[in-house]
Amino acid sequence: MITLNHICKTYGKEKKIAVNDISLSVNKGEIFGLIGPDGAGKSSIFRILTTLLLADSGTATVDGHDVVTDYKHIRKSVGYMPGKFSLYPDLSVEENLKFFATLFNTSIRENYHLIKDIYMLLEPFKNRRAGKLSGGMKQKLALCCALIHKPTVLFLDEPTTGIDPVSRKEFWEMLKRLKKQEITILVSTPYMDEASLCDRIALIKNGKILSINTPDHIIKDYPDNLYKIKSDVIYTLLKDINLHSNTQSCFTFGEFLHVSFLSDTESMQQELLNYLSKKGHLNIVMEKTVPGIEDCFIHLLKKPA
Amino acid sequence: MKETVIKTEKLTKKFGNFIAANAVSFEVKKGEIFGFLGANGAGKTTAMRMLCGLSTPTSGKAQIVGYDIYKQTNLIKKNIGYMSQKFSLYEDLTVVENIRFFAGIYGLSNQDIKDKSAHLIETLGMQNESKKRVGTLPPGWKQKISFSVALLHEPKIVFLDEPTGGVDPLVRRQFWDLIYAAADKGITIFISTHYMDEAEYCNRISIMVDGSIKALDTPVHLKHQFNAKNMDEVFYELARGAKRRE
């Protein structure tokens, strides 16, 4: 449904690289996640695919249409929710939705089934001006407006940034329901924990793809054994483990540290535990653990290119 | 017993009939890392604005580093630092211009400004970047600069309003190194975040729901109290029942 072939994009006189030779394809009905920090090039990719920005080189298609020559087709058939709130703040909730329906030659009633679940939450505020809505409500309205013409592909650029964990969970439930309607979804997020909710993901940084696969495979590709370790004073534990000669990497993950070793033998582990006891750490817990997407991302960031 | 740097009693803010913050009471000690969590719309920003002396409470009492929240807001502002992801630095000024500008705002003497900006550039390892415009730097660098700038006038408390949004996982962890280092020096850290793993890094956490603090304890105790595996579950348990959720 979506293909990118060696897409490059630079900005300005300095030719600042935003997208660096990215190729990927998204299948029909898939939820595909672009996972990466600010400045990774996520928004540029969205703008190229929604025909709002021309790439320097490379080709891209959406639903079989070329983003340069067939841009009119694409604009009619896709839904786009930009990272920045882009509805009309002075129109009411209902007026915004009507406006977008009219633009695409349709009516709210025609595709109401697509937005019903979401719009029901908005209905109590339908006469409120969009600019006066809370963050979570703005996000729901923007999703409704992007869906109202029954798009084949939905582009969601950081829909959950700045939204609390409960609302984020709800938003992903909505996306799962849309997937059942066979809408292909390309979504970006800086939250690594949302990666596992996608069918496939691309981890990106500085315009480059670090890895592209299903979340499970990316985790399987993590090369080392990973251990979680905690003690009573986590911050000194972090410092001490980082000073130990057998430590390959050590990072905080919630209440634990995630640690991998250069030499992963039982005697070396015992040696570390002795070392930590000598340093005065109490209640040390060390267990083997399964890496998450965030572990993989950190590993890929540190790997020399 | 460490000294108390934030003390609020039934702090309340109403906007018309709407009670944004409802009888909020808590204490924070010197050098503590205090996590201030809540769903969107729970009243965190309202509470934070009152604590920074930017908004007058409707009722209740509060003292920030010993200063009264109604009468001594100028003294409060001099003794606190503030950083948010939304506003931090002037993108069109260079690194060193930003440092000088904020140092000037906080009333540092010219000699102090000169010494401190040189020292800061050195500590940050940004000798080669000091004359570059902030807008051209990667997000992680901006974050480090703006945190350091918030500490320039040696505040007793620094308020961090979602400081780590949108940066990569390595940068996020480097940022926490700075937070711990500041807390080690006795600076109190008051931080709001949507990352629940970061909640675990705090000494104590409060969770606001519909304008009131519904839970306040160490991460370990909270997980025990709610029989939860992690802070994400604790948060979900508390916030999903919220009426004011957005």
# chains A, B, ... in the order shown; residues from 1 in each chain; ligands from 1
>>> residues_around(residues="region 281-291 of chain A", least_positions_apart="6", cutoff="9 Å", atoms="only C-alpha atoms", output="mmCIF file with N, CA and C atoms, in the first residue's frame")
data_model
loop_
_atom_site.group_PDB
_atom_site.id
_atom_site.type_symbol
_atom_site.label_atom_id
_atom_site.label_comp_id
_atom_site.auth_asym_id
_atom_site.auth_seq_id
_atom_site.Cartn_x
_atom_site.Cartn_y
_atom_site.Cartn_z
ATOM 1 N N ILE A 219 13.272 -7.858 18.748
ATOM 2 C CA ILE A 219 13.689 -8.278 20.091
ATOM 3 C C ILE A 219 14.547 -9.544 20.010
ATOM 4 N N LYS A 220 14.151 -10.476 19.130
ATOM 5 C CA LYS A 220 14.933 -11.716 18.968
ATOM 6 C C LYS A 220 16.347 -11.433 18.477
ATOM 7 N N TYR A 222 18.230 -9.111 19.335
ATOM 8 C CA TYR A 222 19.111 -8.529 20.359
ATOM 9 C C TYR A 222 20.196 -9.547 20.681
ATOM 10 N N ASN A 225 22.825 -11.675 26.186
ATOM 11 C CA ASN A 225 21.971 -11.970 27.327
ATOM 12 C C ASN A 225 21.810 -10.688 28.129
ATOM 13 N N LEU A 226 20.608 -10.463 28.604
ATOM 14 C CA LEU A 226 20.355 -9.225 29.331
ATOM 15 C C LEU A 226 19.909 -9.576 30.753
ATOM 16 N N TYR A 227 20.460 -8.849 31.727
ATOM 17 C CA TYR A 227 20.105 -9.096 33.124
ATOM 18 C C TYR A 227 19.499 -7.847 33.725
ATOM 19 N N LYS A 228 18.527 -8.053 34.631
ATOM 20 C CA LYS A 228 18.046 -6.897 35.389
ATOM 21 C C LYS A 228 18.589 -6.986 36.802
ATOM 22 N N ILE A 229 19.099 -5.859 37.272
ATOM 23 C CA ILE A 229 19.745 -5.821 38.577
ATOM 24 C C ILE A 229 19.192 -4.638 39.356
ATOM 25 N N LYS A 230 18.922 -4.859 40.641
ATOM 26 C CA LYS A 230 18.589 -3.706 41.489
ATOM 27 C C LYS A 230 19.200 -3.873 42.861
ATOM 28 N N SER A 231 19.316 -2.761 43.573
ATOM 29 C CA SER A 231 19.726 -2.793 44.977
ATOM 30 C C SER A 231 19.029 -1.620 45.645
ATOM 31 N N ASP A 232 19.379 -1.363 46.896
ATOM 32 C CA ASP A 232 18.657 -0.314 47.624
ATOM 33 C C ASP A 232 18.877 1.081 47.055
ATOM 34 N N VAL A 233 20.082 1.348 46.568
ATOM 35 C CA VAL A 233 20.344 2.691 46.033
ATOM 36 C C VAL A 233 20.721 2.574 44.556
ATOM 37 N N THR A 236 23.719 4.859 42.750
ATOM 38 C CA THR A 236 25.113 4.459 42.976
ATOM 39 C C THR A 236 25.379 3.099 42.334
ATOM 40 N N LEU A 237 24.342 2.250 42.292
ATOM 41 C CA LEU A 237 24.479 0.950 41.635
ATOM 42 C C LEU A 237 24.836 1.144 40.156
ATOM 43 N N HIS A 258 19.239 -2.512 33.401
ATOM 44 C CA HIS A 258 19.438 -3.578 32.427
ATOM 45 C C HIS A 258 20.924 -3.619 32.074
ATOM 46 N N LEU A 273 28.733 -9.690 41.655
ATOM 47 C CA LEU A 273 27.939 -9.633 42.888
ATOM 48 C C LEU A 273 28.847 -9.378 44.106
#
>>> residues_around(residues="Glu30 (chain A)", least_positions_apart="5", cutoff="10 Å", atoms="only C-alpha atoms", output="ChimeraX atom specification")
/A:1,153,179-180,182-186,198-200
>>> write_last_selection(atoms="N, CA, C and O atoms", output="JSON list (two decimals), in the first residue's frame")
[["chain", "number", "residue", "atom", "x", "y", "z"],
["A", 1, "MET", "N", 0.82, -1.22, 0.00],
["A", 1, "MET", "CA", 0.00, 0.00, 0.00],
["A", 1, "MET", "C", 0.86, 1.27, 0.00],
["A", 1, "MET", "O", 0.47, 2.28, -0.55],
["A", 153, "VAL", "N", -5.66, 4.71, 3.28],
["A", 153, "VAL", "CA", -4.46, 4.76, 4.11],
["A", 153, "VAL", "C", -4.58, 5.92, 5.08],
["A", 153, "VAL", "O", -5.03, 7.00, 4.72],
["A", 179, "LYS", "N", -8.07, -1.00, 12.06],
["A", 179, "LYS", "CA", -7.35, -2.02, 11.28],
["A", 179, "LYS", "C", -8.32, -3.09, 10.80],
["A", 179, "LYS", "O", -8.21, -3.58, 9.68],
["A", 180, "LYS", "N", -9.31, -3.42, 11.62],
["A", 180, "LYS", "CA", -10.31, -4.42, 11.23],
["A", 180, "LYS", "C", -11.12, -3.96, 10.02],
["A", 180, "LYS", "O", -11.68, -4.78, 9.30],
["A", 182, "GLU", "N", -9.86, -2.73, 7.54],
["A", 182, "GLU", "CA", -8.90, -2.81, 6.44],
["A", 182, "GLU", "C", -8.31, -1.49, 6.03],
["A", 182, "GLU", "O", -7.97, -1.26, 4.87],
["A", 183, "ILE", "N", -8.18, -0.59, 6.99],
["A", 183, "ILE", "CA", -7.47, 0.65, 6.71],
["A", 183, "ILE", "C", -6.00, 0.44, 7.06],
["A", 183, "ILE", "O", -5.69, -0.07, 8.12],
["A", 184, "THR", "N", -5.12, 0.80, 6.12],
["A", 184, "THR", "CA", -3.69, 0.68, 6.36],
["A", 184, "THR", "C", -3.25, 1.89, 7.18],
["A", 184, "THR", "O", -3.67, 3.01, 6.87],
["A", 185, "ILE", "N", -2.46, 1.66, 8.19],
["A", 185, "ILE", "CA", -2.09, 2.77, 9.07],
["A", 185, "ILE", "C", -0.57, 2.91, 9.19],
["A", 185, "ILE", "O", 0.12, 1.96, 9.54],
["A", 186, "LEU", "N", -0.08, 4.10, 8.86],
["A", 186, "LEU", "CA", 1.32, 4.43, 9.13],
["A", 186, "LEU", "C", 1.32, 5.42, 10.29],
["A", 186, "LEU", "O", 0.71, 6.48, 10.21],
["A", 198, "CYS", "N", 2.36, -2.33, 17.13],
["A", 198, "CYS", "CA", 2.37, -2.29, 15.66],
["A", 198, "CYS", "C", 2.63, -3.69, 15.10],
["A", 198, "CYS", "O", 3.24, -4.52, 15.76],
["A", 199, "ASP", "N", 2.17, -3.93, 13.85],
["A", 199, "ASP", "CA", 2.49, -5.20, 13.19],
["A", 199, "ASP", "C", 3.97, -5.24, 12.83],
["A", 199, "ASP", "O", 4.65, -6.23, 13.06],
["A", 200, "ARG", "N", 4.45, -4.15, 12.23],
["A", 200, "ARG", "CA", 5.88, -4.03, 11.94],
["A", 200, "ARG", "C", 6.32, -2.63, 12.29],
["A", 200, "ARG", "O", 5.51, -1.69, 12.29]]
>>> residues_around(residues="Phe159 (chain B)", least_positions_apart="4", cutoff="9 Å", atoms="only C-alpha atoms", output="list in words")
Met48, Cys52, Ile80, Gly81, Tyr82, Met83, Ser84, Ala150, Thr188, Ile189, Phe190, Ile191 and Ser192 of chain B
>>> write_last_selection(atoms="C-alpha atoms", output="mmCIF file, in the first residue's frame")
data_model
loop_
_atom_site.group_PDB
_atom_site.id
_atom_site.type_symbol
_atom_site.label_atom_id
_atom_site.label_comp_id
_atom_site.auth_asym_id
_atom_site.auth_seq_id
_atom_site.Cartn_x
_atom_site.Cartn_y
_atom_site.Cartn_z
ATOM 1 C CA MET B 48 2.705 23.831 39.342
ATOM 2 C CA CYS B 52 6.105 28.742 41.027
ATOM 3 C CA ILE B 80 13.435 28.361 41.887
ATOM 4 C CA GLY B 81 14.409 27.202 38.420
ATOM 5 C CA TYR B 82 11.951 26.121 35.732
ATOM 6 C CA MET B 83 12.305 24.104 32.579
ATOM 7 C CA SER B 84 9.704 22.736 30.223
ATOM 8 C CA ALA B 150 17.619 26.667 34.883
ATOM 9 C CA THR B 188 15.165 19.619 45.053
ATOM 10 C CA ILE B 189 13.737 18.245 41.803
ATOM 11 C CA PHE B 190 10.011 18.582 41.144
ATOM 12 C CA ILE B 191 9.233 16.767 37.908
ATOM 13 C CA SER B 192 6.176 15.898 35.839
#
>>> closest_atom_pairs(of="chain B", to="chain A", cutoff="10 Å", atoms="only C-alpha atoms", output="tab-separated table")
residue	atom	partner	partner_atom	distance
B:Leu37	CA	A:Asp164	CA	9.4
B:Gly38	CA	A:Asp164	CA	7.7
B:Ala39	CA	A:Asp164	CA	5.2
B:Asn40	CA	A:Asp164	CA	5.8
B:Gly41	CA	A:Ser134	CA	7.6
B:Thr136	CA	A:Lys16	CA	9.7
B:Pro138	CA	A:Gly39	CA	7.5
B:Pro139	CA	A:Asp38	CA	6.9
B:Gly140	CA	A:Asp38	CA	9.2
B:Glu162	CA	A:Gly162	CA	8.4
B:Gly165	CA	A:Gly162	CA	7.3
B:Gly166	CA	A:Asp38	CA	5.2
B:Val167	CA	A:Pro37	CA	4.8
B:Asp168	CA	A:Pro37	CA	4.7
B:Pro169	CA	A:Ile298	CA	6.5
B:Leu170	CA	A:Ile298	CA	6.2
B:Val171	CA	A:Pro37	CA	9.6
B:Arg173	CA	A:Thr252	CA	7.2
B:Gln174	CA	A:Phe251	CA	9.7
B:Trp176	CA	A:Thr252	CA	9.4
B:Asp177	CA	A:Tyr235	CA	8.6
B:Tyr180	CA	A:Tyr235	CA	7.5
B:Ala181	CA	A:Tyr235	CA	9.7
B:Thr193	CA	A:Asp164	CA	8.9
B:His194	CA	A:Asp164	CA	5.7
B:Tyr195	CA	A:Pro165	CA	8.0
B:Met196	CA	A:Gly254	CA	7.6
B:Asp197	CA	A:Gly254	CA	4.1
B:Glu198	CA	A:Gly254	CA	6.2
B:Ala199	CA	A:Gly254	CA	7.4
B:Glu200	CA	A:Gly254	CA	5.0
B:Tyr201	CA	A:Gly254	CA	6.6
B:Cys202	CA	A:Glu255	CA	9.7
B:Pro219	CA	A:Glu255	CA	8.4
B:Val220	CA	A:Glu255	CA	8.6
B:Asn230	CA	A:Gly254	CA	8.0
B:Met231	CA	A:Gly254	CA	8.4
B:Asp232	CA	A:Pro165	CA	7.7
B:Glu233	CA	A:Pro165	CA	9.9
B:Phe235	CA	A:Pro165	CA	7.9
B:Tyr236	CA	A:Val166	CA	6.0
B:Glu237	CA	A:Val166	CA	9.3
B:Leu238	CA	A:Val166	CA	9.8
B:Ala239	CA	A:Val166	CA	6.9
B:Arg240	CA	A:Val166	CA	6.4
B:Arg245	CA	A:Ser167	CA	8.1
B:Glu246	CA	A:Gly136	CA	4.8
>>> select_by_dssp(residues="region 205-274 of chain A", states="strand (DSSP E or B)", output="list in words")
Lys205, Lys208, Ile209, Leu210, Ser211, Ile212, Asn213, Leu226, Tyr227, Lys228, Ile229, Lys230, Thr247, Gln248, Ser249, Cys250, Phe251, Thr252, Phe253, Phe256, Leu257, His258, Val259, Ser260 and Phe261 of chain A
>>> write_last_selection(atoms="C-alpha atoms", output="CSV table (one decimal), in the first residue's frame")
chain,number,residue,atom,x,y,z
A,205,LYS,CA,17.4,8.0,13.9
A,208,LYS,CA,18.4,6.4,8.7
A,209,ILE,CA,16.6,3.1,9.4
A,210,LEU,CA,18.4,1.3,12.2
A,211,SER,CA,16.2,-1.8,11.9
A,212,ILE,CA,12.9,-2.8,10.3
A,213,ASN,CA,10.9,-5.9,11.2
A,226,LEU,CA,20.4,-9.2,29.3
A,227,TYR,CA,20.1,-9.1,33.1
A,228,LYS,CA,18.0,-6.9,35.4
A,229,ILE,CA,19.7,-5.8,38.6
A,230,LYS,CA,18.6,-3.7,41.5
A,247,THR,CA,30.2,-4.4,31.9
A,248,GLN,CA,29.3,-4.0,28.3
A,249,SER,CA,26.3,-1.8,28.8
A,250,CYS,CA,24.2,-0.7,31.8
A,251,PHE,CA,21.1,1.5,31.7
A,252,THR,CA,18.2,2.3,33.9
A,253,PHE,CA,14.8,0.7,33.1
A,256,PHE,CA,15.9,-2.1,37.6
A,257,LEU,CA,19.1,-1.6,35.6
A,258,HIS,CA,19.4,-3.6,32.4
A,259,VAL,CA,23.0,-4.9,32.1
A,260,SER,CA,24.9,-6.9,29.6
A,261,PHE,CA,28.4,-8.3,30.1
>>> residues_around(residues="Phe155 (chain A)", least_positions_apart="4", cutoff="10 Å", atoms="only C-alpha atoms", output="list in words")
Phe32, Phe46, Arg47, Leu49, Thr50, Val78, Gly79, Tyr80, Met81, Pro82, Leu143, Ala146, Pro151, Pro159, Thr184, Ile185, Leu186, Val187 and Ser188 of chain A
>>> closest_residue(among="A:Leu272, A:Leu156, A:Val26, A:Leu141", to="Arg129 (chain A)", atoms="only C-alpha atoms")
A:Leu141
>>> atom_distance(atom1="CA of Gln181 (chain A)", atom2="CA of Ala130 (chain A)")
27.1 Å
